[in-house]
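Listing of start29.txt, compact mmCIF, C-alpha atoms
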```txt
# COMPACT_ATOMS: atom_id res chain seq x y z
CA MET J 1 -6.00 10.55 -14.00
CA SER J 2 -5.59 9.44 -10.39
CA LEU J 3 -6.83 5.95 -9.71
CA GLN J 4 -8.55 4.98 -6.47
CA PRO J 5 -5.80 3.63 -4.15
CA ARG J 6 -6.12 0.03 -2.98
CA THR J 7 -4.99 -1.32 0.37
CA TYR J 8 -4.12 -4.97 0.80
CA THR J 9 -3.13 -6.75 4.02
CA VAL J 10 -0.26 -9.23 3.92
CA THR J 11 0.03 -11.97 6.55
CA ARG J 12 2.54 -14.75 7.20
CA ALA J 13 -0.11 -17.24 6.04
CA ASP J 14 -0.30 -15.40 2.71
CA LEU J 15 3.46 -15.81 2.30
CA VAL J 16 3.18 -19.55 2.94
CA ALA J 17 0.40 -19.82 0.32
CA TYR J 18 2.41 -17.71 -2.11
CA ALA J 19 5.54 -19.83 -1.60
CA GLU J 20 3.51 -22.94 -2.49
CA ALA J 21 1.84 -21.34 -5.50
CA SER J 22 4.96 -19.67 -6.91
CA GLY J 23 7.60 -22.24 -6.00
CA ASP J 24 9.64 -19.57 -4.18
CA HIS J 25 10.53 -21.26 -0.92
CA ASN J 26 13.27 -18.84 0.08
CA PRO J 27 13.27 -19.14 3.90
CA ILE J 28 13.71 -15.37 4.35
CA HIS J 29 9.96 -15.25 3.65
CA GLN J 30 9.13 -17.79 6.38
CA ASP J 31 11.81 -17.88 9.05
CA ASP J 32 12.85 -14.87 11.16
CA GLU J 33 16.16 -16.44 12.13
CA VAL J 34 17.25 -16.99 8.53
CA ALA J 35 16.03 -13.51 7.54
CA ARG J 36 18.08 -11.91 10.33
CA SER J 37 21.14 -14.00 9.41
CA VAL J 38 21.31 -12.15 6.07
CA GLY J 39 20.79 -8.73 7.63
CA LEU J 40 17.02 -8.35 7.23
CA PRO J 41 14.87 -7.06 10.10
CA GLY J 42 12.76 -10.24 10.06
CA VAL J 43 10.53 -12.17 7.67
CA ILE J 44 9.85 -10.07 4.58
CA ALA J 45 7.25 -10.51 1.86
CA HIS J 46 8.48 -11.87 -1.46
CA GLY J 47 9.23 -8.86 -3.66
CA MET J 48 7.12 -10.65 -6.22
CA TYR J 49 4.27 -10.77 -3.69
CA THR J 50 4.28 -6.98 -3.48
CA MET J 51 4.58 -6.73 -7.26
CA ALA J 52 1.60 -9.10 -7.57
CA LEU J 53 -0.40 -6.69 -5.38
CA ALA J 54 0.53 -3.87 -7.75
CA ALA J 55 -0.64 -6.01 -10.68
CA ARG J 56 -3.82 -6.82 -8.77
CA ALA J 57 -4.60 -3.12 -8.41
CA VAL J 58 -3.98 -2.61 -12.14
CA ALA J 59 -6.37 -5.49 -12.91
CA ASP J 60 -8.95 -3.89 -10.60
CA TRP J 61 -8.61 -0.51 -12.31
CA PHE J 62 -8.58 -1.87 -15.87
CA PRO J 63 -10.66 -5.06 -15.79
CA GLY J 64 -9.81 -7.45 -18.61
CA ALA J 65 -7.11 -5.19 -20.06
CA GLU J 66 -4.06 -6.97 -21.43
CA VAL J 67 -0.87 -6.06 -19.59
CA VAL J 68 1.90 -5.26 -22.07
CA SER J 69 4.69 -4.59 -19.60
CA LEU J 70 5.25 -4.43 -15.88
CA GLY J 71 8.36 -3.58 -13.94
CA CYS J 72 9.80 -2.22 -10.72
CA LYS J 73 12.77 -2.19 -8.43
CA PHE J 74 12.50 -3.58 -4.91
CA THR J 75 13.76 -0.72 -2.80
CA ALA J 76 12.58 -1.49 0.75
CA PRO J 77 11.41 -4.69 2.39
CA VAL J 78 7.81 -5.29 3.50
CA VAL J 79 8.36 -6.75 6.96
CA VAL J 80 5.49 -9.06 7.88
CA PRO J 81 4.73 -9.56 11.59
CA VAL J 82 4.10 -12.97 13.17
CA GLU J 83 0.62 -11.94 14.29
CA GLY J 84 -1.88 -9.97 12.25
CA GLY J 85 -0.60 -8.42 9.06
CA ILE J 86 0.84 -5.38 7.40
CA ASP J 87 -0.95 -3.10 4.95
CA VAL J 88 0.42 -2.36 1.50
CA GLU J 89 -1.13 0.54 -0.39
CA VAL J 90 -1.11 0.74 -4.18
CA ALA J 91 -1.83 4.11 -5.79
CA GLY J 92 -1.71 4.87 -9.50
CA GLU J 93 -1.71 7.67 -11.99
CA ALA J 94 -2.87 6.78 -15.51
CA LYS J 95 -1.51 8.79 -18.41
CA ASP J 96 -3.55 9.53 -21.52
CA PRO J 97 -3.57 6.53 -23.87
CA VAL J 98 -1.08 6.58 -26.75
CA ASP J 99 -1.75 4.20 -29.65
CA GLY J 100 -4.20 2.28 -27.46
CA LEU J 101 -1.67 1.82 -24.66
CA THR J 102 -2.14 3.33 -21.21
CA THR J 103 0.88 3.81 -18.97
CA ILE J 104 0.23 3.68 -15.23
CA ALA J 105 2.78 5.14 -12.84
CA LEU J 106 2.33 3.29 -9.56
CA THR J 107 3.23 4.21 -6.01
CA VAL J 108 3.42 1.29 -3.61
CA THR J 109 3.89 2.06 0.05
CA CYS J 110 4.01 0.27 3.38
CA GLU J 111 3.72 2.29 6.59
CA GLY J 112 4.20 5.45 4.55
CA GLN J 113 7.44 4.30 2.93
CA LYS J 114 7.81 3.48 -0.77
CA VAL J 115 8.72 -0.19 -1.14
CA LEU J 116 8.91 -0.39 -4.94
CA GLY J 117 11.09 1.81 -7.11
CA MET J 118 9.45 3.36 -10.20
CA PRO J 119 6.77 0.67 -10.50
CA LYS J 120 5.09 1.01 -13.87
CA ALA J 121 2.55 -0.93 -15.90
CA VAL J 122 1.45 -0.52 -19.51
CA VAL J 123 -1.94 -1.91 -20.45
CA ARG J 124 -3.89 -2.19 -23.68
CA ALA J 125 -7.24 -0.81 -22.65
CA ARG J 126 -10.19 -2.56 -24.23
CA MET S 1 31.56 -15.43 -9.13
CA ASP S 2 33.51 -14.55 -12.22
CA GLN S 3 32.79 -12.53 -15.32
CA SER S 4 32.89 -15.59 -17.59
CA LEU S 5 29.27 -16.16 -16.53
CA VAL S 6 28.14 -13.07 -18.41
CA GLY S 7 26.47 -14.01 -21.67
CA ARG S 8 26.03 -17.62 -20.71
CA ALA S 9 22.64 -19.21 -21.43
CA PHE S 10 21.48 -22.04 -19.19
CA PRO S 11 19.47 -25.03 -20.46
CA PRO S 12 15.71 -24.49 -20.85
CA THR S 13 13.58 -25.57 -17.90
CA ALA S 14 11.42 -28.68 -18.16
CA PRO S 15 8.05 -27.94 -19.84
CA TYR S 16 5.52 -26.61 -17.35
CA ALA S 17 1.82 -27.14 -18.06
CA VAL S 18 -0.28 -24.18 -16.90
CA THR S 19 -3.58 -25.33 -15.35
CA GLU S 20 -6.57 -23.40 -14.03
CA ASP S 21 -5.81 -24.86 -10.60
CA ASN S 22 -2.27 -23.53 -10.41
CA VAL S 23 -3.30 -20.13 -11.76
CA ARG S 24 -6.10 -19.99 -9.18
CA ALA S 25 -3.72 -20.92 -6.34
CA PHE S 26 -1.34 -18.16 -7.48
CA ALA S 27 -4.11 -15.54 -7.73
CA GLU S 28 -5.69 -16.50 -4.41
CA ALA S 29 -2.34 -16.37 -2.59
CA THR S 30 -2.32 -12.63 -3.29
CA GLY S 31 -5.97 -12.24 -2.32
CA ALA S 32 -7.29 -12.03 -5.88
CA SER S 33 -10.02 -14.26 -7.26
CA TYR S 34 -9.76 -16.23 -10.49
CA ASP S 35 -12.60 -17.28 -12.75
CA GLY S 36 -10.65 -18.60 -15.72
CA GLY S 37 -8.99 -16.77 -18.56
CA PRO S 38 -5.56 -15.12 -18.58
CA ALA S 39 -3.27 -15.64 -15.60
CA PRO S 40 -2.28 -12.67 -13.40
CA ALA S 41 0.48 -10.54 -14.90
CA THR S 42 3.17 -11.75 -12.51
CA PHE S 43 2.38 -15.45 -13.06
CA PRO S 44 5.33 -15.95 -15.48
CA ILE S 45 7.60 -15.56 -12.43
CA VAL S 46 6.77 -19.23 -11.73
CA LEU S 47 8.72 -20.09 -14.89
CA ALA S 48 11.44 -17.52 -14.33
CA PHE S 49 11.88 -18.65 -10.74
CA GLY S 50 12.31 -22.26 -11.87
CA ALA S 51 15.03 -21.14 -14.25
CA MET S 52 16.65 -19.07 -11.49
CA ASN S 53 16.68 -22.03 -9.10
CA ALA S 54 18.43 -24.18 -11.71
CA PHE S 55 20.95 -21.37 -12.23
CA LEU S 56 21.59 -21.05 -8.46
CA GLU S 57 22.10 -24.81 -8.18
CA ALA S 58 24.47 -24.86 -11.14
CA GLU S 59 26.49 -22.02 -9.59
CA GLN S 60 26.20 -23.43 -6.05
CA LEU S 61 24.59 -20.27 -4.71
CA ASP S 62 22.29 -20.39 -1.68
CA LEU S 63 18.73 -19.21 -2.28
CA TYR S 64 18.51 -17.72 1.22
CA ARG S 65 21.32 -15.31 0.33
CA ILE S 66 19.38 -14.00 -2.68
CA VAL S 67 17.28 -10.85 -2.49
CA HIS S 68 15.32 -9.64 -5.49
CA GLY S 69 16.52 -6.23 -6.69
CA GLU S 70 14.47 -5.59 -9.79
CA GLN S 71 11.99 -7.39 -12.01
CA ARG S 72 10.59 -6.54 -15.44
CA PHE S 73 8.16 -8.34 -17.72
CA ALA S 74 7.43 -7.61 -21.37
CA TYR S 75 4.53 -9.66 -22.63
CA GLU S 76 3.86 -10.85 -26.17
CA ARG S 77 0.56 -12.28 -24.98
CA PRO S 78 -1.06 -13.29 -21.68
CA VAL S 79 -0.38 -16.72 -20.19
CA VAL S 80 -3.50 -18.92 -20.30
CA PRO S 81 -4.33 -22.37 -18.90
CA GLY S 82 -3.34 -25.01 -21.43
CA ASP S 83 -0.03 -23.32 -22.18
CA VAL S 84 3.04 -25.51 -21.89
CA LEU S 85 5.91 -23.16 -21.13
CA THR S 86 9.65 -23.29 -20.69
CA ALA S 87 12.08 -20.61 -19.53
CA THR S 88 15.63 -20.08 -20.73
CA LEU S 89 17.82 -17.98 -18.47
CA SER S 90 20.90 -16.02 -19.52
CA VAL S 91 23.26 -14.02 -17.37
CA ALA S 92 23.27 -10.46 -18.67
CA SER S 93 25.56 -8.72 -16.20
CA LEU S 94 27.56 -9.24 -13.06
CA ARG S 95 29.09 -6.75 -10.69
CA GLN S 96 30.21 -6.63 -7.08
CA ILE S 97 29.10 -3.91 -4.70
CA ALA S 98 29.99 -3.88 -1.00
CA GLY S 99 30.63 -7.60 -0.86
CA ASN S 100 27.42 -8.48 -2.69
CA ASP S 101 27.13 -9.93 -6.17
CA ILE S 102 24.61 -8.09 -8.32
CA ILE S 103 23.50 -10.56 -10.99
CA GLY S 104 21.47 -9.39 -13.97
CA THR S 105 19.50 -12.18 -15.63
CA THR S 106 17.04 -12.42 -18.48
CA SER S 107 14.62 -15.28 -19.05
CA GLN S 108 12.75 -15.92 -22.26
CA ILE S 109 9.49 -17.76 -21.70
CA THR S 110 8.30 -19.68 -24.73
CA ASP S 111 5.28 -21.85 -25.48
CA ALA S 112 5.08 -25.38 -26.90
CA ASP S 113 5.48 -23.98 -30.44
CA GLY S 114 8.62 -22.15 -29.42
CA ALA S 115 6.91 -18.76 -29.69
CA LEU S 116 7.95 -16.10 -27.22
CA VAL S 117 5.25 -15.42 -24.59
CA CYS S 118 7.09 -13.15 -22.21
CA SER S 119 10.60 -11.90 -21.70
CA THR S 120 11.59 -11.14 -18.15
CA SER S 121 14.62 -9.59 -16.57
CA ALA S 122 15.60 -9.87 -12.96
CA THR S 123 18.34 -8.37 -10.85
CA LEU S 124 19.38 -10.72 -8.08
CA VAL S 125 21.39 -9.51 -5.12
CA HIS S 126 23.52 -12.30 -3.70
CA ARG S 127 24.50 -11.26 -0.20
CA GLY S 128 28.05 -12.09 0.70
CA PRO S 129 28.90 -13.67 4.08
CA GLU S 130 29.83 -10.31 5.66
CA SER S 131 26.67 -8.45 4.68
```
Structure re-expressed in structure tokens:
Amino acid sequence: MSLQPRTYTVTRADLVAYAEASGDHNPIHQDDEVARSVGLPGVIAHGMYTMALAARAVADWFPGAEVVSLGCKFTAPVVVPVEGGIDVEVAGEAKDPVDGLTTIALTVTCEGQKVLGMPKAVVRAR
Amino acid sequence: MDQSLVGRAFPPTAPYAVTEDNVRAFAEATGASYDGGPAPATFPIVLAFGAMNAFLEAEQLDLYRIVHGEQRFAYERPVVPGDVLTATLSVASLRQIAGNDIIGTTSQITDADGALVCSTSATLVHRGPES
């Protein structure tokens, strides 16, 4: 079953708020100069920020369902501009439940490019 | 970094009390709302990240050279406000590719009773000076 894709906009201000809330103050998520010094194109979103968006979509699709597992690789950076924001789209395909567990194969893209590798969630549907 | 790190467990992080306020701040930072109840699925990263920071300090690695390669969570139960959690990080693997260290870590997140809440694994890419 295809799930209705969700689009979320990420801004630099979001990354500042996320750094505070998560404790991840890696400057590559705040400072273009530092990001470029380690070979990145500029400030990138925390991988965990993008993964949180994937989890947010899962929570939207399966309200109140317990998440049993969640995982992904971080395959391409989400580069966040100084002004405005960048859109991240989360699409999902839910498999038929097995023993009460539903596996969701996710596709997370930014500007048409996949940014997470094999993102997958398993939920216990209520 | 040398292979003797593999298999090493680092000391548990200081107990972290989960409150509605810090769960709400975490949810709202990613645009979600929070009205109480279980924390968002990626919330345990707060614990795992604390353990990772302690590991980086112990190994004298710079955070800004770290890029996240992979992250997995397996949950025994959701995290809820009122939980007092600690994370214990172990180094699972270490390899070098193109001047970068690829560090595989696992963190066990346990509650005040010592019961496992979530096990996480993370691959950290430590970029070498030439990369």
Best match for closeness to chain S among J:Ile104, J:Met51, J:Ala125, J:Val115, counting all atoms listed in the file: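 For chain S, the nearest of the given residues is J:Met51.
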What residues in chain J lie within 9 Å of chain S, counting all atoms listed in the file, written as a ChimeraX atom specification? /J:8-10,13-28,34-35,38-39,46-53,55-56,59,64,66-75,117
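Near S:Asp101, within a cut-off of 6 Å and counting all atoms listed in the file, sit the residues Arg95, Gln96, Val125 and His126 of chain S, with same-chain residues fewer than 2 positions away left out.
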Minimum-distance residue to S:Thr86, chosen among S:Thr110, S:Gln3, S:Gln60, S:Thr19 (using all atoms listed in the file): S:Thr110
Considering all atoms listed in the file, state which residue in the set J:Pro77, J:Gly42, J:Pro97, J:Gly92 is at the smallest distance from J:Trp61.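 Of all the options, J:Gly92 lies closest to J:Trp61.
With all atoms listed in the file as the basis for measurement, J:Ala54 is the residue among J:Ala54, J:Val82, J:Val43, J:Val88 that approaches J:Met118 most closely.
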For atom CA of S:Ser93 and atom CA of J:Val78, the interatomic separation in Å (one decimal):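 Rounded to one decimal, the two atoms are 26.7 Å apart.
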Taking all atoms of stretch 18-26 of chain S that the file lists, what box with edges along x, y and z, padded by 8 Å per side, do you get, with centre and edge lengths in Å to one decimal, as AutoDock Vina command-line options?
```
--center_x -3.4 --center_y -21.7 --center_z -11.6 --size_x 22.3 --size_y 23.2 --size_z 26.6
```
Please return stretch 41-66 of chain S, rebuilt to N, CA and C atoms, as a compact mmCIF listing (two decimals), in the frame of the given file.
```txt
# COMPACT_ATOMS: atom_id res chain seq x y z
N ALA S 41 -0.70 -11.01 -14.15
CA ALA S 41 0.48 -10.54 -14.90
C ALA S 41 1.80 -11.07 -14.36
N THR S 42 1.88 -11.30 -13.05
CA THR S 42 3.17 -11.75 -12.51
C THR S 42 3.31 -13.27 -12.53
N PHE S 43 2.31 -13.99 -13.05
CA PHE S 43 2.38 -15.45 -13.06
C PHE S 43 3.64 -16.01 -13.73
N PRO S 44 4.14 -15.39 -14.83
CA PRO S 44 5.33 -15.95 -15.48
C PRO S 44 6.55 -16.06 -14.55
N ILE S 45 6.49 -15.43 -13.37
CA ILE S 45 7.60 -15.56 -12.43
C ILE S 45 7.76 -17.03 -12.01
N VAL S 46 6.68 -17.80 -12.06
CA VAL S 46 6.77 -19.23 -11.73
C VAL S 46 7.82 -19.89 -12.64
N LEU S 47 7.76 -19.54 -13.92
CA LEU S 47 8.72 -20.09 -14.89
C LEU S 47 10.10 -19.51 -14.66
N ALA S 48 10.15 -18.19 -14.49
CA ALA S 48 11.44 -17.52 -14.33
C ALA S 48 12.12 -17.97 -13.05
N PHE S 49 11.31 -18.21 -12.01
CA PHE S 49 11.88 -18.65 -10.74
C PHE S 49 12.47 -20.05 -10.87
N GLY S 50 11.78 -20.92 -11.62
CA GLY S 50 12.31 -22.26 -11.87
C GLY S 50 13.66 -22.19 -12.56
N ALA S 51 13.76 -21.30 -13.53
CA ALA S 51 15.03 -21.14 -14.25
C ALA S 51 16.10 -20.58 -13.32
N MET S 52 15.69 -19.65 -12.43
CA MET S 52 16.65 -19.07 -11.49
C MET S 52 17.16 -20.13 -10.51
N ASN S 53 16.26 -20.97 -10.03
CA ASN S 53 16.68 -22.03 -9.10
C ASN S 53 17.71 -22.96 -9.74
N ALA S 54 17.48 -23.31 -11.00
CA ALA S 54 18.43 -24.18 -11.71
C ALA S 54 19.78 -23.48 -11.85
N PHE S 55 19.72 -22.17 -12.12
CA PHE S 55 20.95 -21.37 -12.23
C PHE S 55 21.69 -21.35 -10.88
N LEU S 56 20.95 -21.12 -9.78
CA LEU S 56 21.59 -21.05 -8.46
C LEU S 56 22.24 -22.39 -8.12
N GLU S 57 21.54 -23.48 -8.46
CA GLU S 57 22.10 -24.81 -8.18
C GLU S 57 23.37 -25.02 -9.00
N ALA S 58 23.31 -24.66 -10.27
CA ALA S 58 24.47 -24.86 -11.14
C ALA S 58 25.67 -24.06 -10.63
N GLU S 59 25.40 -22.89 -10.07
CA GLU S 59 26.49 -22.02 -9.59
C GLU S 59 26.76 -22.20 -8.10
N GLN S 60 26.05 -23.14 -7.48
CA GLN S 60 26.20 -23.43 -6.05
C GLN S 60 26.02 -22.19 -5.19
N LEU S 61 24.95 -21.45 -5.51
CA LEU S 61 24.59 -20.27 -4.71
C LEU S 61 23.40 -20.63 -3.84
N ASP S 62 23.38 -20.09 -2.61
CA ASP S 62 22.29 -20.39 -1.68
C ASP S 62 21.13 -19.44 -1.91
N LEU S 63 19.94 -20.02 -2.05
CA LEU S 63 18.73 -19.21 -2.28
C LEU S 63 18.52 -18.20 -1.15
N TYR S 64 18.82 -18.62 0.10
CA TYR S 64 18.51 -17.72 1.22
C TYR S 64 19.38 -16.47 1.22
N ARG S 65 20.47 -16.50 0.44
CA ARG S 65 21.32 -15.31 0.33
C ARG S 65 20.89 -14.39 -0.81
N ILE S 66 19.84 -14.79 -1.52
CA ILE S 66 19.38 -14.00 -2.68
C ILE S 66 18.24 -13.07 -2.27
```
